[in-house]
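Data block for final10.cif (mmCIF, C-alpha atoms):
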data_run
loop_
_atom_site.group_PDB
_atom_site.id
_atom_site.type_symbol
_atom_site.label_atom_id
_atom_site.label_comp_id
_atom_site.auth_asym_id
_atom_site.auth_seq_id
_atom_site.Cartn_x
_atom_site.Cartn_y
_atom_site.Cartn_z
ATOM 1 C CA MET A 1 -2.010 -17.892 18.527
ATOM 2 C CA SER A 2 -3.683 -16.409 21.633
ATOM 3 C CA ASP A 3 -5.826 -13.259 21.666
ATOM 4 C CA LEU A 4 -3.015 -11.373 23.342
ATOM 5 C CA GLU A 5 -0.375 -12.492 20.841
ATOM 6 C CA ARG A 6 -2.646 -11.478 17.969
ATOM 7 C CA LEU A 7 -3.252 -8.056 19.510
ATOM 8 C CA ASP A 8 0.445 -7.587 20.233
ATOM 9 C CA ARG A 9 1.314 -8.425 16.638
ATOM 10 C CA PHE A 10 -1.187 -5.809 15.404
ATOM 11 C CA LEU A 11 0.033 -3.095 17.778
ATOM 12 C CA ARG A 12 3.772 -3.725 17.495
ATOM 13 C CA THR A 13 5.562 -1.246 15.236
ATOM 14 C CA ASP A 14 8.984 -1.732 13.654
ATOM 15 C CA PRO A 15 11.306 1.284 14.013
ATOM 16 C CA ARG A 16 12.935 0.313 10.695
ATOM 17 C CA ASP A 17 9.619 0.829 8.850
ATOM 18 C CA VAL A 18 10.300 3.512 6.202
ATOM 19 C CA GLY A 19 6.641 4.345 5.484
ATOM 20 C CA CYS A 20 4.656 4.277 2.272
ATOM 21 C CA ASP A 21 6.378 7.052 0.305
ATOM 22 C CA GLU A 22 9.885 5.686 0.610
ATOM 23 C CA ALA A 23 8.763 2.092 0.054
ATOM 24 C CA MET A 24 6.838 2.983 -3.104
ATOM 25 C CA ALA A 25 9.749 5.061 -4.425
ATOM 26 C CA VAL A 26 11.933 1.944 -4.668
ATOM 27 C CA LEU A 27 9.219 -0.655 -5.273
ATOM 28 C CA HIS A 28 10.389 -1.325 -8.867
ATOM 29 C CA ILE A 29 13.941 -1.968 -7.670
ATOM 30 C CA TYR A 30 12.711 -4.162 -4.816
ATOM 31 C CA VAL A 31 10.617 -6.203 -7.245
ATOM 32 C CA ASP A 32 13.449 -6.669 -9.748
ATOM 33 C CA ILE A 33 15.801 -7.879 -6.999
ATOM 34 C CA THR A 34 13.101 -10.316 -5.861
ATOM 35 C CA VAL A 35 12.410 -11.577 -9.381
ATOM 36 C CA GLU A 36 16.125 -12.049 -10.019
ATOM 37 C CA GLY A 37 16.334 -14.241 -6.891
ATOM 38 C CA GLY A 38 18.162 -11.663 -4.760
ATOM 39 C CA ASP A 39 17.479 -10.766 -1.155
ATOM 40 C CA ALA A 40 15.556 -7.507 -1.444
ATOM 41 C CA ALA A 41 14.817 -7.479 2.302
ATOM 42 C CA GLU A 42 18.519 -7.547 3.089
ATOM 43 C CA ARG A 43 19.208 -4.576 0.834
ATOM 44 C CA TYR A 44 16.100 -2.688 1.952
ATOM 45 C CA PRO A 45 15.235 -3.826 5.500
ATOM 46 C CA GLY A 46 13.062 -0.755 6.121
ATOM 47 C CA VAL A 47 11.020 -1.466 3.009
ATOM 48 C CA ALA A 48 10.665 -5.131 4.030
ATOM 49 C CA ALA A 49 9.446 -4.013 7.483
ATOM 50 C CA HIS A 50 6.961 -1.678 5.857
ATOM 51 C CA LEU A 51 5.582 -4.283 3.452
ATOM 52 C CA LEU A 52 4.909 -6.587 6.414
ATOM 53 C CA ALA A 53 2.876 -3.893 8.181
ATOM 54 C CA CYS A 54 1.115 -1.948 5.415
ATOM 55 C CA GLY A 55 -1.641 -3.823 3.574
ATOM 56 C CA PRO A 56 -2.032 -1.395 0.647
ATOM 57 C CA CYS A 57 1.716 -1.246 -0.074
ATOM 58 C CA ALA A 58 1.955 -5.041 0.222
ATOM 59 C CA GLU A 59 -0.893 -5.244 -2.304
ATOM 60 C CA ASP A 60 1.018 -2.973 -4.691
ATOM 61 C CA PHE A 61 4.114 -5.133 -4.241
ATOM 62 C CA ALA A 62 2.084 -8.254 -5.045
ATOM 63 C CA GLY A 63 0.531 -6.506 -8.065
ATOM 64 C CA LEU A 64 3.874 -5.398 -9.473
ATOM 65 C CA LEU A 65 5.372 -8.850 -8.944
ATOM 66 C CA ALA A 66 2.407 -10.384 -10.779
ATOM 67 C CA ALA A 67 2.747 -7.850 -13.607
ATOM 68 C CA VAL A 68 6.434 -8.584 -14.108
ATOM 69 C CA ALA A 69 5.777 -12.332 -13.930
ATOM 70 C CA ARG A 70 3.088 -11.940 -16.612
ATOM 71 C CA ASP A 71 5.650 -10.463 -19.062
ATOM 72 C CA MET B 1 16.922 7.016 3.638
ATOM 73 C CA GLU B 2 17.179 3.621 1.993
ATOM 74 C CA CYS B 3 16.406 4.906 -1.488
ATOM 75 C CA ALA B 4 19.578 7.035 -1.363
ATOM 76 C CA ARG B 5 21.534 3.784 -1.468
ATOM 77 C CA THR B 6 20.249 2.785 -4.884
ATOM 78 C CA ALA B 7 22.919 2.772 -7.544
ATOM 79 C CA GLU B 8 22.437 3.407 -11.218
ATOM 80 C CA ARG B 9 23.441 0.486 -13.354
ATOM 81 C CA GLU B 10 24.069 -0.076 -17.015
ATOM 82 C CA LEU B 11 20.817 -0.384 -18.910
ATOM 83 C CA ASP B 12 19.814 -3.834 -20.106
ATOM 84 C CA PRO B 13 19.281 -3.975 -23.914
ATOM 85 C CA GLU B 14 15.462 -4.046 -23.697
ATOM 86 C CA SER B 15 15.319 -1.016 -21.396
ATOM 87 C CA ALA B 16 17.791 0.882 -23.572
ATOM 88 C CA ASP B 17 15.664 0.079 -26.611
ATOM 89 C CA TRP B 18 12.495 1.395 -24.956
ATOM 90 C CA LEU B 19 14.247 4.630 -23.968
ATOM 91 C CA ARG B 20 15.676 5.089 -27.455
ATOM 92 C CA ARG B 21 12.339 4.509 -29.160
ATOM 93 C CA LEU B 22 10.342 6.696 -26.745
ATOM 94 C CA SER B 23 12.822 9.527 -27.302
ATOM 95 C CA ALA B 24 12.951 9.143 -31.095
ATOM 96 C CA GLY B 25 11.278 11.237 -33.825
ATOM 97 C CA ASP B 26 7.520 11.350 -34.328
ATOM 98 C CA GLY B 27 6.832 8.090 -36.197
ATOM 99 C CA PRO B 28 8.925 5.589 -34.184
ATOM 100 C CA ARG B 29 8.005 7.356 -30.940
ATOM 101 C CA ARG B 30 4.283 7.114 -31.627
ATOM 102 C CA GLU B 31 4.672 3.430 -32.437
ATOM 103 C CA ALA B 32 6.558 2.818 -29.182
ATOM 104 C CA GLU B 33 3.959 4.800 -27.216
ATOM 105 C CA GLY B 34 1.218 2.677 -28.736
ATOM 106 C CA GLU B 35 3.023 -0.530 -27.721
ATOM 107 C CA LEU B 36 3.674 0.770 -24.221
ATOM 108 C CA HIS B 37 0.063 1.831 -23.752
ATOM 109 C CA ALA B 38 -1.160 -1.593 -24.883
ATOM 110 C CA ARG B 39 1.085 -3.269 -22.299
ATOM 111 C CA LEU B 40 0.008 -0.869 -19.542
ATOM 112 C CA LEU B 41 -3.641 -1.531 -20.354
ATOM 113 C CA ARG B 42 -3.101 -5.288 -20.281
ATOM 114 C CA ILE B 43 -1.456 -4.988 -16.848
ATOM 115 C CA ALA B 44 -4.162 -2.616 -15.555
ATOM 116 C CA LEU B 45 -6.962 -4.974 -16.635
ATOM 117 C CA ALA B 46 -5.221 -7.932 -15.017
ATOM 118 C CA GLU B 47 -4.586 -5.949 -11.847
ATOM 119 C CA VAL B 48 -8.200 -4.786 -11.366
ATOM 120 C CA ARG B 49 -9.301 -8.396 -11.819
ATOM 121 C CA ARG B 50 -6.698 -9.594 -9.311
ATOM 122 C CA ARG B 51 -8.095 -7.088 -6.795
ATOM 123 C CA SER B 52 -11.778 -7.441 -7.653
ATOM 124 C CA ALA B 53 -12.675 -9.497 -4.567
ATOM 125 C CA GLY B 54 -11.541 -6.684 -2.278
ATOM 126 C CA THR B 55 -13.422 -3.780 -3.845
ATOM 127 C CA PRO B 56 -17.086 -2.806 -4.229
ATOM 128 C CA VAL B 57 -16.250 -1.613 -7.777
ATOM 129 C CA THR B 58 -17.492 -4.172 -10.312
ATOM 130 C CA GLY B 59 -18.220 -4.920 -13.974
ATOM 131 C CA PRO B 60 -17.764 -2.284 -16.656
ATOM 132 C CA GLU B 61 -16.746 0.296 -14.062
ATOM 133 C CA LEU B 62 -13.741 -1.871 -13.225
ATOM 134 C CA ASP B 63 -12.730 -1.994 -16.904
ATOM 135 C CA ASP B 64 -13.198 1.789 -17.224
ATOM 136 C CA LEU B 65 -11.001 2.232 -14.191
ATOM 137 C CA ALA B 66 -8.287 0.100 -15.815
ATOM 138 C CA HIS B 67 -8.427 2.198 -18.996
ATOM 139 C CA GLN B 68 -8.140 5.415 -16.966
ATOM 140 C CA ALA B 69 -5.240 3.969 -14.950
ATOM 141 C CA ALA B 70 -3.369 2.976 -18.116
ATOM 142 C CA ALA B 71 -3.920 6.413 -19.697
ATOM 143 C CA ASP B 72 -2.809 8.306 -16.578
ATOM 144 C CA ALA B 73 0.182 6.006 -16.077
ATOM 145 C CA MET B 74 1.184 6.613 -19.697
ATOM 146 C CA LEU B 75 1.149 10.403 -19.180
ATOM 147 C CA ALA B 76 3.165 10.099 -15.962
ATOM 148 C CA ILE B 77 5.744 7.800 -17.574
ATOM 149 C CA LEU B 78 6.280 10.115 -20.535
ATOM 150 C CA ALA B 79 6.562 13.140 -18.226
ATOM 151 C CA LYS B 80 9.129 11.359 -16.028
ATOM 152 C CA LEU B 81 11.065 9.507 -18.724
ATOM 153 C CA ALA B 82 14.169 11.617 -18.142
ATOM 154 C CA GLY B 83 14.079 10.593 -14.485
ATOM 155 C CA PHE B 84 14.445 6.878 -15.258
ATOM 156 C CA ARG B 85 17.917 6.033 -13.953
ATOM 157 C CA GLY B 86 18.150 2.373 -14.848
ATOM 158 C CA GLU B 87 17.886 1.148 -11.267
ATOM 159 C CA SER B 88 15.463 -1.520 -12.483
ATOM 160 C CA ARG B 89 14.273 -2.828 -15.829
ATOM 161 C CA PHE B 90 12.410 -0.107 -17.711
ATOM 162 C CA MET B 91 9.239 -2.159 -17.851
ATOM 163 C CA THR B 92 9.228 -2.796 -14.081
ATOM 164 C CA TRP B 93 9.616 0.960 -13.551
ATOM 165 C CA ALA B 94 6.763 1.639 -16.006
ATOM 166 C CA TYR B 95 4.446 -0.992 -14.522
ATOM 167 C CA ARG B 96 4.880 0.549 -11.065
ATOM 168 C CA PHE B 97 3.046 3.651 -12.370
ATOM 169 C CA VAL B 98 0.057 1.672 -13.559
ATOM 170 C CA ILE B 99 -0.146 -0.450 -10.391
ATOM 171 C CA LEU B 100 -0.121 2.699 -8.223
ATOM 172 C CA GLU B 101 -2.747 4.312 -10.482
ATOM 173 C CA VAL B 102 -4.999 1.274 -10.053
ATOM 174 C CA SER B 103 -4.634 1.520 -6.244
ATOM 175 C CA SER B 104 -5.404 5.195 -6.173
ATOM 176 C CA LYS B 105 -8.404 4.910 -8.511
ATOM 177 C CA LEU B 106 -9.879 1.964 -6.612
ATOM 178 C CA GLY B 107 -9.704 4.146 -3.507
ATOM 179 C CA ARG B 108 -11.517 6.995 -5.252
ATOM 180 C CA HIS B 109 -14.177 4.773 -6.829
ATOM 181 C CA TYR B 110 -14.898 3.098 -3.458
ATOM 182 C CA TRP B 111 -17.110 6.054 -2.507
ATOM 183 C CA ARG B 112 -19.511 5.550 -5.435
ATOM 184 C CA ASN B 113 -21.033 2.580 -3.649
ATOM 185 C CA PRO B 114 -19.443 2.336 -0.195
ATOM 186 C CA PRO B 115 -20.413 -0.644 1.963
ATOM 187 C CA VAL B 116 -19.646 1.472 5.042
ATOM 188 C CA ALA B 117 -20.151 5.210 5.449
ATOM 189 C CA LEU B 118 -17.359 7.441 6.663
ATOM 190 C CA ASP B 119 -17.591 7.936 10.456
ATOM 191 C CA ALA B 120 -19.961 4.964 10.859
ATOM 192 C CA GLY B 121 -18.099 4.012 14.056
ATOM 193 C CA GLN B 122 -19.136 0.374 14.382
ATOM 194 C CA TRP B 123 -17.633 0.024 17.862
ATOM 195 C CA GLU B 124 -19.485 -3.201 18.564
ATOM 196 C CA LEU B 125 -17.091 -4.779 16.037
ATOM 197 C CA LEU B 126 -13.927 -3.687 17.870
ATOM 198 C CA PRO B 127 -13.411 -7.066 19.636
ATOM 199 C CA ASP B 128 -13.573 -8.850 16.287
ATOM 200 C CA ARG B 129 -11.281 -6.325 14.656
ATOM 201 C CA LEU B 130 -8.661 -6.797 17.363
ATOM 202 C CA GLY B 131 -9.205 -10.547 17.583
ATOM 203 C CA ILE B 132 -10.248 -10.392 21.246
ATOM 204 C CA ASP B 133 -13.174 -12.233 22.757
ATOM 205 C CA PRO B 134 -14.201 -10.352 25.945
ATOM 206 C CA GLN B 135 -16.532 -13.209 26.917
ATOM 207 C CA GLN B 136 -13.626 -15.641 27.124
ATOM 208 C CA HIS B 137 -11.507 -14.092 29.907
ATOM 209 C CA ALA B 138 -11.960 -11.254 32.380
ATOM 210 C CA GLU B 139 -8.514 -10.039 31.276
ATOM 211 C CA SER B 140 -9.675 -9.773 27.657
ATOM 212 C CA ALA B 141 -12.527 -7.495 28.727
ATOM 213 C CA ALA B 142 -10.111 -5.345 30.739
ATOM 214 C CA ILE B 143 -7.697 -5.102 27.774
ATOM 215 C CA LEU B 144 -10.529 -4.099 25.490
ATOM 216 C CA ALA B 145 -11.643 -1.433 27.959
ATOM 217 C CA GLU B 146 -8.094 -0.074 28.131
ATOM 218 C CA VAL B 147 -7.806 0.024 24.331
ATOM 219 C CA ARG B 148 -11.088 1.930 24.186
ATOM 220 C CA ARG B 149 -9.923 4.336 26.927
ATOM 221 C CA VAL B 150 -6.704 5.140 25.023
ATOM 222 C CA ILE B 151 -8.668 5.695 21.810
ATOM 223 C CA ASP B 152 -11.115 8.022 23.593
ATOM 224 C CA GLU B 153 -8.699 9.868 25.856
ATOM 225 C CA GLU B 154 -5.204 9.753 24.398
ATOM 226 C CA LEU B 155 -5.672 9.893 20.629
ATOM 227 C CA THR B 156 -6.199 13.270 19.011
ATOM 228 C CA ALA B 157 -9.533 13.834 17.262
ATOM 229 C CA HIS B 158 -7.808 13.257 13.891
ATOM 230 C CA GLN B 159 -6.072 10.068 15.077
ATOM 231 C CA ARG B 160 -9.368 8.796 16.513
ATOM 232 C CA ARG B 161 -11.239 9.468 13.280
ATOM 233 C CA VAL B 162 -8.608 7.747 11.138
ATOM 234 C CA PHE B 163 -8.232 4.785 13.530
ATOM 235 C CA THR B 164 -12.002 4.339 13.637
ATOM 236 C CA ALA B 165 -12.313 4.423 9.859
ATOM 237 C CA ILE B 166 -9.409 2.066 9.141
ATOM 238 C CA VAL B 167 -9.443 -0.381 12.046
ATOM 239 C CA VAL B 168 -13.044 -0.365 13.272
ATOM 240 C CA ASP B 169 -14.980 0.313 10.061
ATOM 241 C CA GLN B 170 -12.327 -1.252 7.805
ATOM 242 C CA ILE B 171 -12.520 1.416 5.133
ATOM 243 C CA PRO B 172 -9.649 0.802 2.675
ATOM 244 C CA LEU B 173 -6.704 3.061 3.401
ATOM 245 C CA ASP B 174 -6.570 4.495 -0.128
ATOM 246 C CA ALA B 175 -10.303 5.251 0.001
ATOM 247 C CA LEU B 176 -9.904 7.148 3.259
ATOM 248 C CA ALA B 177 -6.871 8.993 1.907
ATOM 249 C CA ASP B 178 -8.920 10.087 -1.101
ATOM 250 C CA ARG B 179 -11.868 11.158 1.036
ATOM 251 C CA LEU B 180 -9.732 13.171 3.466
ATOM 252 C CA GLY B 181 -7.536 14.627 0.712
ATOM 253 C CA LEU B 182 -4.402 13.081 2.240
ATOM 254 C CA GLN B 183 -1.578 10.916 0.942
ATOM 255 C CA ARG B 184 -1.512 7.204 1.793
ATOM 256 C CA ASN B 185 1.636 7.783 3.866
ATOM 257 C CA ALA B 186 -0.108 10.391 6.054
ATOM 258 C CA ILE B 187 -2.901 7.952 6.927
ATOM 259 C CA TYR B 188 -0.409 5.135 7.553
ATOM 260 C CA LYS B 189 1.611 7.365 9.912
ATOM 261 C CA VAL B 190 -1.525 8.196 11.934
ATOM 262 C CA ILE B 191 -2.324 4.496 12.368
ATOM 263 C CA PHE B 192 1.341 3.745 13.138
ATOM 264 C CA ASP B 193 1.366 6.364 15.930
ATOM 265 C CA ALA B 194 -2.015 5.203 17.280
ATOM 266 C CA ARG B 195 -0.803 1.583 17.445
ATOM 267 C CA ARG B 196 2.285 2.731 19.381
ATOM 268 C CA LYS B 197 0.183 4.769 21.836
ATOM 269 C CA ILE B 198 -2.205 1.889 22.505
ATOM 270 C CA ARG B 199 0.638 -0.599 22.908
ATOM 271 C CA ARG B 200 2.501 1.731 25.296
ATOM 272 C CA ALA B 201 -0.610 1.956 27.497
ATOM 273 C CA LEU B 202 -1.068 -1.830 27.509
ATOM 274 C CA VAL B 203 2.600 -2.278 28.440
ATOM 275 C CA ALA B 204 2.276 0.312 31.243
ATOM 276 C CA ASN B 205 -0.705 -1.610 32.620
ATOM 277 C CA GLY B 206 1.152 -4.918 32.479
ATOM 278 C CA TYR B 207 -1.002 -6.516 29.785
ATOM 279 C CA LEU B 208 1.834 -6.701 27.240
ATOM 280 C CA ASP B 209 5.610 -7.090 27.663
ATOM 281 C CA GLU B 210 7.835 -4.213 26.677
ATOM 282 C CA GLN B 211 9.957 -6.480 24.468
ATOM 283 C CA GLY B 212 7.467 -9.269 23.885
#
Here is the file; what I need is its structure written in the form of structure tokens.
Amino acid sequence: MSDLERLDRFLRTDPRDVGCDEAMAVLHIYVDITVEGGDAAERYPGVAAHLLACGPCAEDFAGLLAAVARD
Amino acid sequence: MECARTAERELDPESADWLRRLSAGDGPRREAEGELHARLLRIALAEVRRRSAGTPVTGPELDDLAHQAAADAMLAILAKLAGFRGESRFMTWAYRFVILEVSSKLGRHYWRNPPVALDAGQWELLPDRLGIDPQQHAESAAILAEVRRVIDEELTAHQRRVFTAIVVDQIPLDALADRLGLQRNAIYKVIFDARRKIRRALVANGYLDEQG
């Protein structure tokens, strides 16, 4: 990937991105759909867009997935 | 709002059992609370270890943080029990509280031994942060100069401070939110708007395509 492509990827924003509050409000549902083999991104495209762009929320998603998997 | 589309569903037997026991009389309820707390603590301890590479918090302080996260998550779960609508398994819903508590507490504890001070402004690291090598091409140097101009001239003082802390100094977002007394979402929105402003300027100057 070139410098410019990397920069463009960082700067590009997705209008579907719902933000942290809305993504975290449904995180448990998103995780259960994922664990059950469903397509959470299809049901919640704005949450999927957010998780791709927000490191802390993506970390929470990974943490909750790991927690459920540990059960 | 996507969350408005969530539908309540019939509770699975395990979730129904947790709700019944946590709403029961003193003895059974206390037993269920003890079991739930033990599970929250186990998850909190595992989660702080999973995240340990990315935080300056270490050792016993990390374990203390996990205990605090489990205790605070427990209080929040019991206070919001009536709000559980069965949209997920009960335990997934409960674990979300403890995961979010761990995030928030790691942000707060970051300032006990921060590797970077707030407002350090390490601008010499901007090329690295953006993945641009100004020595490589004349265009890269021009792009970097334009990014810097937008940051200096087009961002508000608040946007500039947040962008500097998050992107340039790489202070964790939850740590900055704690320090500025803001919610994570408020910080994210500032960075989101700053990214759009910088990209718009680079598109206007012909460095990036509108669509890409």
Subject >> Neighbour list for A:Ala66 as number ranges by chain, cut-off 10 Å, all atoms listed in the file, skip fewer than 5 positions in-chain >> reply: A: 31, 60-61, 71; B: 43, 46-47, 50
Subject >> Picked residues, the PyMOL selection byres ((chain A) within 6 of (chain B)), as a PyMOL selection string >> reply: chain A and resi 3+7+11+20-21+28-29
Subject >> Separation of atom CA of B:Glu210 from atom CA of A:Arg9 in Å >> reply: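 Calculated distance between atom CA of A:Arg9 and atom CA of B:Glu210 is 12.7 Å.
Computed from the coordinates, the atom CA of A:Tyr44 to atom CA of A:Asp17 distance equals 10.1 Å.
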Subject >> Residues selected by the PyMOL selection byres ((chain B and resi 80-82) around 12), written as a list in words >> reply: Ser15, Ala16, Trp18, Leu19, Arg20, Arg21, Leu22, Ser23, Ala73, Met74, Leu75, Ala76, Ile77, Leu78, Ala79, Gly83, Phe84, Arg85, Gly86, Phe90, Met91, Trp93, Ala94 and Phe97 of chain B
**OP:** Can you work out which one of A:Asp8, A:Glu42, A:His50, A:Val35 has the shortest atom-to-atom distance to A:Leu64, counting all atoms listed in the file?
**Re:** A:Val35
**OP:** Can you give me, as a ChimeraX atom specification, the residues this file yields under the PyMOL selection byres ((chain A and resi 53) around 10)?
**Re:** /A:9-10,12-14,17,19,47-52,54-58 /B:188,192
Output C-alpha atoms for every residue in the selection just made, as a PDB file, keeping the file's coordinate frame.
ATOM      1  CA  ARG A   9       1.314  -8.425  16.638  1.00  0.00           C
ATOM      2  CA  PHE A  10      -1.187  -5.809  15.404  1.00  0.00           C
ATOM      3  CA  ARG A  12       3.772  -3.725  17.495  1.00  0.00           C
ATOM      4  CA  THR A  13       5.562  -1.246  15.236  1.00  0.00           C
ATOM      5  CA  ASP A  14       8.984  -1.732  13.654  1.00  0.00           C
ATOM      6  CA  ASP A  17       9.619   0.829   8.850  1.00  0.00           C
ATOM      7  CA  GLY A  19       6.641   4.345   5.484  1.00  0.00           C
ATOM      8  CA  VAL A  47      11.020  -1.466   3.009  1.00  0.00           C
ATOM      9  CA  ALA A  48      10.665  -5.131   4.030  1.00  0.00           C
ATOM     10  CA  ALA A  49       9.446  -4.013   7.483  1.00  0.00           C
ATOM     11  CA  HIS A  50       6.961  -1.678   5.857  1.00  0.00           C
ATOM     12  CA  LEU A  51       5.582  -4.283   3.452  1.00  0.00           C
ATOM     13  CA  LEU A  52       4.909  -6.587   6.414  1.00  0.00           C
ATOM     14  CA  CYS A  54       1.115  -1.948   5.415  1.00  0.00           C
ATOM     15  CA  GLY A  55      -1.641  -3.823   3.574  1.00  0.00           C
ATOM     16  CA  PRO A  56      -2.032  -1.395   0.647  1.00  0.00           C
ATOM     17  CA  CYS A  57       1.716  -1.246  -0.074  1.00  0.00           C
ATOM     18  CA  ALA A  58       1.955  -5.041   0.222  1.00  0.00           C
TER      19      ALA A  58
ATOM     20  CA  TYR B 188      -0.409   5.135   7.553  1.00  0.00           C
ATOM     21  CA  PHE B 192       1.341   3.745  13.138  1.00  0.00           C
TER      22      PHE B 192
END
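Every protein, DNA or RNA residue with an atom at most 7 Å from B:Val168, where all atoms listed in the file count and chain neighbours fewer than 2 positions away do not, is listed here: Gly121, Gln122, Trp123, Leu125, Leu126, Arg129, Thr164, Ala165, Ile166 and Gln170 of chain B.
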Original post:
To one decimal place, how far is atom CA of A:Val26 from atom CA of A:Ala40 in Å?
Top reply: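 Computing it gives 10.6 Å between the two atoms.
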Original post:
With only C-alpha atoms as the atoms that count, which of B:Leu41, B:Ile151, B:Leu11, B:Gly34 lies nearest to A:Ala67?
Top reply: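 Counting only C-alpha atoms, the residue closest to A:Ala67 is B:Leu41.
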Subject >> Shell around stretch 105-110 of chain B at 8 Å using only C-alpha atoms, local window under 2 positions removed, as a PyMOL selection string >> reply: chain B and resi 55-57+65+69+101-103+112-114+172-179
Subject >> Which of B:Ala32, B:Val167, B:Ala201, B:Ala138 sits closest to B:Glu153 [using only C-alpha atoms] >> reply: B:Ala201
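Distances from A:Ala62, A:Leu4, A:Ala41, A:Val68 to A:Arg16 were compared using only C-alpha atoms, and the smallest one belongs to A:Ala41.
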Please output stretch 4-15 of chain A, rebuilt to include N, CA and C atoms, as a PDB file, in the coordinates of the input.
ATOM      1  N   LEU A   4      -4.017 -12.374  22.965  1.00  0.00           N
ATOM      2  CA  LEU A   4      -3.015 -11.373  23.342  1.00  0.00           C
ATOM      3  C   LEU A   4      -1.872 -11.301  22.324  1.00  0.00           C
ATOM      4  N   GLU A   5      -1.450 -12.464  21.847  1.00  0.00           N
ATOM      5  CA  GLU A   5      -0.375 -12.492  20.841  1.00  0.00           C
ATOM      6  C   GLU A   5      -0.839 -11.823  19.549  1.00  0.00           C
ATOM      7  N   ARG A   6      -2.101 -12.076  19.196  1.00  0.00           N
ATOM      8  CA  ARG A   6      -2.646 -11.478  17.969  1.00  0.00           C
ATOM      9  C   ARG A   6      -2.704  -9.953  18.103  1.00  0.00           C
ATOM     10  N   LEU A   7      -3.167  -9.500  19.271  1.00  0.00           N
ATOM     11  CA  LEU A   7      -3.252  -8.056  19.510  1.00  0.00           C
ATOM     12  C   LEU A   7      -1.860  -7.430  19.513  1.00  0.00           C
ATOM     13  N   ASP A   8      -0.923  -8.113  20.157  1.00  0.00           N
ATOM     14  CA  ASP A   8       0.445  -7.587  20.233  1.00  0.00           C
ATOM     15  C   ASP A   8       1.046  -7.468  18.837  1.00  0.00           C
ATOM     16  N   ARG A   9       0.788  -8.454  18.009  1.00  0.00           N
ATOM     17  CA  ARG A   9       1.314  -8.425  16.638  1.00  0.00           C
ATOM     18  C   ARG A   9       0.739  -7.229  15.871  1.00  0.00           C
ATOM     19  N   PHE A  10      -0.554  -6.948  16.085  1.00  0.00           N
ATOM     20  CA  PHE A  10      -1.187  -5.809  15.404  1.00  0.00           C
ATOM     21  C   PHE A  10      -0.615  -4.476  15.900  1.00  0.00           C
ATOM     22  N   LEU A  11      -0.377  -4.383  17.211  1.00  0.00           N
ATOM     23  CA  LEU A  11       0.033  -3.095  17.778  1.00  0.00           C
ATOM     24  C   LEU A  11       1.526  -2.822  17.638  1.00  0.00           C
ATOM     25  N   ARG A  12       2.312  -3.887  17.522  1.00  0.00           N
ATOM     26  CA  ARG A  12       3.772  -3.725  17.495  1.00  0.00           C
ATOM     27  C   ARG A  12       4.204  -2.988  16.232  1.00  0.00           C
ATOM     28  N   THR A  13       5.054  -2.002  16.390  1.00  0.00           N
ATOM     29  CA  THR A  13       5.562  -1.246  15.236  1.00  0.00           C
ATOM     30  C   THR A  13       7.063  -1.488  15.118  1.00  0.00           C
ATOM     31  N   ASP A  14       7.567  -1.478  13.902  1.00  0.00           N
ATOM     32  CA  ASP A  14       8.984  -1.732  13.654  1.00  0.00           C
ATOM     33  C   ASP A  14       9.673  -0.392  13.392  1.00  0.00           C
ATOM     34  N   PRO A  15      10.638  -0.019  14.220  1.00  0.00           N
ATOM     35  CA  PRO A  15      11.306   1.284  14.013  1.00  0.00           C
ATOM     36  C   PRO A  15      12.016   1.401  12.665  1.00  0.00           C
TER      37      PRO A  15
END
